[in-house]
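To be precise, the following lines are coords_3.txt, and they hold compact mmCIF, C-alpha atoms.
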```txt
# COMPACT_ATOMS: atom_id res chain seq x y z
CA MET A 1 122.80 -30.46 -74.41
CA GLY A 2 122.31 -32.83 -71.34
CA SER A 3 122.95 -36.47 -71.60
CA ARG A 4 119.99 -38.75 -72.22
CA LEU A 5 118.92 -41.21 -69.38
CA THR A 6 119.27 -44.80 -70.19
CA ARG A 7 116.42 -47.24 -69.70
CA ARG A 8 118.38 -48.85 -66.92
CA GLN A 9 118.66 -45.56 -65.11
CA LEU A 10 114.91 -44.87 -65.31
CA ILE A 11 114.08 -48.24 -63.84
CA ARG A 12 116.56 -47.77 -61.01
CA GLY A 13 115.06 -44.34 -60.17
CA ALA A 14 111.57 -45.73 -60.10
CA ILE A 15 112.62 -48.47 -57.74
CA THR A 16 114.30 -45.94 -55.49
CA LEU A 17 111.22 -43.75 -55.33
CA ALA A 18 109.04 -46.70 -54.54
CA ALA A 19 111.26 -47.62 -51.65
CA LEU A 20 111.40 -44.12 -50.22
CA GLY A 21 107.60 -43.56 -50.31
CA PRO A 22 106.71 -45.65 -47.21
CA LEU A 23 109.63 -44.19 -45.32
CA ALA A 24 108.56 -40.66 -46.07
CA ALA A 25 105.07 -41.51 -44.98
CA ALA A 26 106.35 -42.94 -41.68
CA CYS A 27 108.46 -39.88 -40.98
CA ALA A 28 105.70 -37.41 -41.76
CA PRO A 29 103.81 -35.94 -38.76
CA ALA A 30 100.65 -37.72 -37.83
CA PRO A 31 97.62 -36.09 -39.40
CA GLN A 32 95.47 -34.05 -37.02
CA PRO A 33 91.96 -35.38 -36.55
CA THR A 34 89.34 -33.26 -38.02
CA PRO A 35 87.70 -31.48 -35.06
CA THR A 36 84.12 -32.52 -34.45
CA PRO A 37 81.90 -29.48 -34.72
CA LYS A 38 80.81 -28.31 -31.23
CA PRO A 39 77.10 -28.62 -30.80
CA ALA A 40 75.33 -25.34 -30.66
CA GLU A 41 74.71 -24.16 -27.10
CA LYS A 42 71.11 -24.46 -25.83
CA PRO A 43 69.72 -21.00 -25.52
CA ALA A 44 69.11 -19.86 -21.96
CA GLU A 45 65.67 -20.70 -20.67
CA ASN A 46 63.17 -17.87 -20.38
CA PRO A 47 62.95 -16.33 -16.92
CA ALA A 48 60.36 -17.93 -14.71
CA GLN A 49 56.91 -16.76 -15.68
CA PRO A 50 54.26 -16.22 -12.98
CA THR A 51 52.18 -19.29 -12.55
CA PRO A 52 48.82 -18.54 -14.08
CA THR A 53 45.86 -18.81 -11.73
CA ALA A 54 44.19 -22.06 -12.33
CA THR A 55 40.63 -21.74 -13.52
CA PRO A 56 38.51 -23.67 -11.06
CA ALA A 57 36.94 -26.65 -12.54
CA PRO A 58 33.18 -26.35 -12.87
CA ALA A 59 31.35 -27.83 -9.93
CA ALA A 60 30.17 -31.25 -10.52
CA LYS A 61 26.49 -31.31 -11.36
CA PRO A 62 24.66 -32.84 -8.45
CA ALA A 63 23.14 -36.08 -9.17
CA GLU A 64 19.46 -35.80 -9.80
CA LYS A 65 17.26 -37.21 -7.08
CA PRO A 66 15.73 -40.41 -8.07
CA ALA A 67 12.04 -40.12 -8.58
CA GLN A 68 10.20 -40.66 -5.33
CA PRO A 69 7.43 -43.15 -5.38
CA THR A 70 3.98 -41.71 -4.94
CA PRO A 71 3.01 -42.33 -1.32
CA THR A 72 0.20 -44.66 -0.77
CA PRO A 73 -2.78 -43.46 1.29
CA ALA A 74 -1.48 -45.40 4.27
CA ALA A 75 1.77 -43.35 4.23
CA VAL A 76 0.05 -39.97 4.30
CA ALA A 77 -0.39 -38.49 7.79
CA LYS A 78 -4.00 -38.44 8.79
CA VAL A 79 -5.53 -35.01 9.40
CA ARG A 80 -7.73 -34.87 12.45
CA ASP A 81 -11.34 -34.45 11.45
CA VAL A 82 -12.70 -31.35 13.18
CA PRO A 83 -16.37 -30.47 12.73
CA ARG A 84 -16.70 -27.29 10.70
CA ASN A 85 -19.18 -25.84 13.21
CA ARG A 86 -16.41 -25.93 15.85
CA THR A 87 -13.59 -24.48 13.74
CA LEU A 88 -12.64 -20.85 13.11
CA VAL A 89 -9.49 -20.00 11.16
CA LEU A 90 -8.32 -16.37 10.98
CA ILE A 91 -5.11 -15.20 9.28
CA TRP A 92 -3.77 -11.65 9.49
CA GLY A 93 -0.68 -9.62 10.35
CA GLY A 94 0.26 -6.90 12.82
CA ARG A 95 -1.19 -3.42 13.00
CA GLU A 96 0.70 -0.17 13.67
CA GLY A 97 3.49 -2.10 15.38
CA ARG A 98 1.49 -2.28 18.62
CA TYR A 99 0.19 -5.82 18.87
CA ILE A 100 0.13 -9.17 17.18
CA ASP A 101 -3.52 -9.29 16.25
CA HIS A 102 -4.20 -12.82 17.45
CA ASP A 103 -3.23 -11.60 20.95
CA LEU A 104 -5.60 -8.63 20.89
CA TRP A 105 -9.22 -9.34 21.80
CA ASN A 106 -9.98 -6.04 23.48
CA PRO A 107 -11.88 -4.22 20.72
CA TYR A 108 -11.48 -0.83 22.38
CA ALA A 109 -7.68 -0.58 22.65
CA ILE A 110 -6.26 2.03 20.28
CA GLY A 111 -4.95 0.08 17.31
CA ALA A 112 -7.53 -2.69 17.53
CA ASN A 113 -9.12 -3.54 14.21
CA HIS A 114 -12.81 -4.45 14.17
CA GLN A 115 -12.26 -6.30 10.89
CA ASN A 116 -9.89 -8.82 12.50
CA GLY A 117 -12.38 -10.77 14.54
CA PRO A 118 -14.25 -8.68 17.13
CA GLY A 119 -17.16 -8.22 14.73
CA ILE A 120 -17.91 -11.94 14.85
CA PHE A 121 -16.44 -12.66 18.27
CA TYR A 122 -18.55 -10.15 20.19
CA GLU A 123 -22.22 -10.49 19.35
CA PRO A 124 -24.36 -7.35 18.92
CA LEU A 125 -27.49 -6.28 20.76
CA ALA A 126 -29.04 -6.20 17.28
CA PHE A 127 -27.83 -6.04 13.70
CA TYR A 128 -29.03 -4.46 10.53
CA SER A 129 -29.79 -6.77 7.61
CA ALA A 130 -29.11 -5.12 4.28
CA PHE A 131 -31.01 -7.95 2.58
CA ALA A 132 -34.19 -7.56 4.63
CA ASP A 133 -33.61 -3.81 5.21
CA LYS A 134 -34.53 -4.05 8.87
CA MET A 135 -33.04 -4.35 12.36
CA ILE A 136 -32.89 -7.87 13.73
CA PRO A 137 -32.73 -8.38 17.54
CA TRP A 138 -29.88 -10.54 18.77
CA LEU A 139 -28.64 -10.24 22.37
CA ALA A 140 -31.41 -7.71 22.91
CA GLU A 141 -34.98 -8.86 22.74
CA SER A 142 -36.46 -5.36 22.34
CA TRP A 143 -35.73 -1.64 22.84
CA GLN A 144 -37.89 1.41 23.45
CA TYR A 145 -37.22 5.19 23.46
CA SER A 146 -38.94 7.73 25.67
CA PRO A 147 -41.07 10.29 23.79
CA ASP A 148 -38.31 12.94 24.04
CA TYR A 149 -35.59 10.49 22.93
CA LYS A 150 -33.53 11.25 26.00
CA GLN A 151 -33.92 7.77 27.46
CA LEU A 152 -33.54 4.28 25.96
CA GLU A 153 -34.73 1.08 27.62
CA ILE A 154 -33.17 -2.17 26.36
CA THR A 155 -34.51 -5.62 27.30
CA LEU A 156 -32.10 -8.54 26.85
CA ARG A 157 -32.86 -12.01 25.61
CA PRO A 158 -32.99 -14.62 28.43
CA GLY A 159 -30.69 -17.61 28.80
CA ILE A 160 -27.48 -16.09 27.34
CA THR A 161 -24.13 -16.93 28.95
CA TRP A 162 -20.52 -16.02 28.32
CA SER A 163 -18.26 -18.83 27.16
CA ASP A 164 -16.90 -19.26 30.72
CA GLY A 165 -20.42 -19.96 32.00
CA VAL A 166 -21.12 -16.55 33.60
CA PRO A 167 -24.61 -15.23 32.68
CA PHE A 168 -24.77 -12.32 30.24
CA SER A 169 -26.73 -9.52 31.90
CA ALA A 170 -27.76 -5.86 31.88
CA GLU A 171 -24.73 -5.19 34.11
CA ASP A 172 -22.45 -5.97 31.16
CA VAL A 173 -24.28 -3.47 28.93
CA ALA A 174 -24.31 -0.70 31.55
CA PHE A 175 -20.65 -1.30 32.46
CA THR A 176 -19.56 -1.14 28.80
CA LEU A 177 -21.35 2.17 28.11
CA ASN A 178 -20.30 3.87 31.35
CA THR A 179 -16.63 2.87 30.90
CA LEU A 180 -16.56 4.16 27.30
CA ARG A 181 -18.10 7.42 28.56
CA ASP A 182 -15.44 7.76 31.26
CA LEU A 183 -12.45 6.94 29.06
CA GLY A 184 -13.52 9.10 26.11
CA PRO A 185 -10.67 9.67 23.62
CA GLN A 186 -8.42 7.09 25.27
CA VAL A 187 -10.30 4.22 23.58
CA ARG A 188 -12.19 3.50 20.37
CA TRP A 189 -15.82 4.74 20.36
CA GLY A 190 -15.16 6.54 23.63
CA VAL A 191 -15.69 10.03 22.23
CA ASP A 192 -18.96 9.03 20.54
CA VAL A 193 -20.41 7.57 23.73
CA GLN A 194 -19.11 10.45 25.85
CA GLN A 195 -20.95 13.00 23.70
CA PHE A 196 -24.36 11.43 24.32
CA VAL A 197 -24.48 9.16 27.38
CA GLU A 198 -25.26 10.65 30.76
CA GLU A 199 -25.58 7.32 32.53
CA ALA A 200 -26.39 3.66 31.86
CA ARG A 201 -28.01 1.69 34.69
CA ALA A 202 -29.05 -1.94 35.05
CA VAL A 203 -32.54 -2.00 36.60
CA SER A 204 -32.78 -5.80 36.48
CA ASP A 205 -30.78 -8.74 35.15
CA ARG A 206 -32.30 -8.31 31.72
CA LYS A 207 -33.14 -4.61 31.52
CA VAL A 208 -30.84 -1.57 31.18
CA VAL A 209 -31.87 2.09 31.00
CA VAL A 210 -29.64 4.60 29.16
CA ARG A 211 -30.11 8.32 29.85
CA PHE A 212 -28.78 10.81 27.28
CA LYS A 213 -27.44 14.35 27.61
CA VAL A 214 -29.38 15.37 24.52
CA PRO A 215 -32.10 13.68 22.44
CA ALA A 216 -30.44 10.70 20.72
CA PRO A 217 -33.02 8.97 18.51
CA ARG A 218 -30.33 7.11 16.53
CA PHE A 219 -28.13 5.93 19.37
CA PHE A 220 -29.37 2.35 19.25
CA TYR A 221 -28.43 2.21 15.57
CA PHE A 222 -24.94 3.30 16.61
CA MET A 223 -24.80 0.45 19.14
CA SER A 224 -26.06 -2.15 16.66
CA TYR A 225 -23.95 -3.87 14.02
CA LYS A 226 -24.46 -2.18 10.71
CA PHE A 227 -22.22 -3.79 8.11
CA ASP A 228 -18.98 -4.09 10.13
CA ILE A 229 -19.24 -1.47 12.91
CA GLY A 230 -21.04 -1.30 16.23
CA VAL A 231 -20.57 -1.20 20.00
CA TYR A 232 -19.18 -4.41 21.50
CA ILE A 233 -20.62 -5.41 24.87
CA VAL A 234 -17.73 -6.73 26.98
CA PRO A 235 -17.90 -9.03 30.03
CA LYS A 236 -17.88 -6.94 33.19
CA HIS A 237 -16.39 -9.75 35.28
CA ILE A 238 -13.32 -9.78 32.98
CA PHE A 239 -12.84 -6.11 32.01
CA GLN A 240 -13.60 -4.47 35.36
CA GLY A 241 -10.40 -3.14 36.95
CA GLN A 242 -8.39 -3.51 33.72
CA ASP A 243 -6.62 -0.71 31.86
CA TRP A 244 -8.61 -0.71 28.62
CA THR A 245 -5.83 1.12 26.78
CA LYS A 246 -3.46 -1.83 27.33
CA PHE A 247 -5.59 -4.83 28.29
CA THR A 248 -5.57 -7.44 25.49
CA HIS A 249 -8.19 -9.89 26.86
CA PHE A 250 -5.97 -12.79 25.82
CA ASP A 251 -4.76 -15.47 28.23
CA LEU A 252 -5.37 -19.06 27.23
CA ALA A 253 -4.55 -20.31 30.72
CA LYS A 254 -7.43 -18.21 32.08
CA GLY A 255 -9.76 -19.14 29.25
CA TRP A 256 -9.57 -15.66 27.67
CA PRO A 257 -10.99 -14.35 25.49
CA VAL A 258 -14.58 -15.10 26.43
CA THR A 259 -17.56 -14.56 24.17
CA THR A 260 -21.29 -15.09 23.92
CA GLY A 261 -20.83 -16.43 20.40
CA PRO A 262 -19.98 -19.91 19.05
CA TRP A 263 -16.28 -19.16 18.65
```

Go through the file and emit its structure as structure tokens.
Amino acid sequence: MGSRLTRRQLIRGAITLAALGPLAAACAPAPQPTPTPKPAEKPAENPAQPTPTATPAPAAKPAEKPAQPTPTPAAVAKVRDVPRNRTLVLIWGGREGRYIDHDLWNPYAIGANHQNGPGIFYEPLAFYSAFADKMIPWLAESWQYSPDYKQLEITLRPGITWSDGVPFSAEDVAFTLNTLRDLGPQVRWGVDVQQFVEEARAVSDRKVVVRFKVPAPRFFYFMSYKFDIGVYIVPKHIFQGQDWTKFTHFDLAKGWPVTTGPW
């Protein structure tokens, strides 16, 4: 059996251990620092995405115009006062691509429209009144047929002038009928006159005699205005020597067109 340690021995051993503790601690290797955890790497950025097309901003709403003050009568341009009996206003468009109607005052050119002015611009020898149901003399004062209806004598009213001051006469009537007869289908009403008229002749300033190829008891009705048709008597001193298929009878510098009427 081993020997028992004395109290003195235990105390000495304790003292020895206490002295050796710091020494052992000094001789021990230095403790390694606890490594700091490495921060997680930032994930790689996404590849460049195409830049989206910017939506254009809505246009700015224009500022509303401030309310304009109501002009006073003094600010309104004055309209020239034109007597109604000296004013004629006509509005229309072209016809068949041939002319601008305001330039065409030859009523016999192909493409002319009697509804666009000639019916009131050129006055008739006489006109039929649907209200009175009778013929009313106008440029003509009277007319008389021969018993066989192959001759018509027309007497004109005195004191009539064209708008350029030239007297209206039987020469104008005879010239109009004879030219229509000669031109025939080249102009409006030409065929109708050509079928019946042998010759028209001025026997005086106010009297014209028309001879027919056949009896023509209704020819004067054809010449007169009935509703919106009739034969237009043109000024000989203007139309003579002109090509009626092309002549427009419009030249403001020359004072054309001319008329016997108020327009």

One decimal, in Å: what's the spacing between atom CA of Val193 of chain A and atom CA of Ser163 of chain A? 26.7 Å

Atom pair atom CA of Phe127 of chain A + atom CA of Pro185 of chain A, distance 25.3 Å

So, counting all atoms listed in the file, which residue among A:Val234, A:Val187, A:Leu152, A:Val209 is closest to Ala109 of chain A?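 Residue with the minimum atom-to-atom distance to Ala109 of chain A: A:Val187.
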
Taking (-24.2, 4.0, 33.3) in the file's coordinates as the center, which residues reach within 9 Å of it, counting only C-alpha atoms, put as a list in words?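 In the file's frame, the residues around the point are Val173, Ala174, Phe175, Thr176, Leu177, Asn178, Thr179, Arg181, Val197, Glu198, Glu199, Ala200, Arg201, Ala202, Val208, Val209, Val210 and Arg211 of chain A.
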
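Note that the spacing between atom CA of Pro147 of chain A and atom CA of Gly184 of chain A amounts to 27.7 Å.
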
Residues within 6 Å of (-16.3, -18.2, 28.2), counting all atoms listed in the file, listed as a list in words: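 Neighbouring residues, ordered by chain and number, come to Trp162, Ser163, Asp164, Gly165, Val258 and Thr259 of chain A.
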
Could you check the closest approach to Asp182 of chain A for each of A:Trp244, A:Gly255, A:Trp143, A:Pro124 and tell me which residue wins, using all atoms listed in the file? A:Trp244

Would you kindly return, as a PyMOL selection string, each protein, DNA or RNA residue with an atom no farther than 9 Å from any atom of Pro257 of chain A, considering all atoms listed in the file and excluding same-chain residues fewer than 5 positions away? chain A and resi 105-106+163+248-252

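Using all atoms listed in the file, the residues found no farther than 8 Å from Thr260 of chain A, other than those of its own chain fewer than 2 positions away, are A:Phe121, A:Tyr122, A:Glu123, A:Ile160, A:Thr161, A:Trp162, A:Ser163, A:Phe168, A:Val258, A:Pro262.
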
Within 8 Å of Ala170 of chain A using all atoms listed in the file, minus same-chain residues under 5 positions, as a list in words: Leu156, Ala202, Val203, Ser204, Asp205, Arg206, Lys207 and Val208 of chain A

Counting only C-alpha atoms, which residue out of A:Val231, A:Val214, A:Met135, A:Ile238 sits closest to Arg188 of chain A?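 Closest to Arg188 of chain A of all the choices is A:Val231.
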
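Take the candidates A:Gly241, A:Ala253, A:Lys226, A:Pro235 and check each one against Ile136 of chain A using all atoms listed in the file; the shortest distance goes to A:Lys226.
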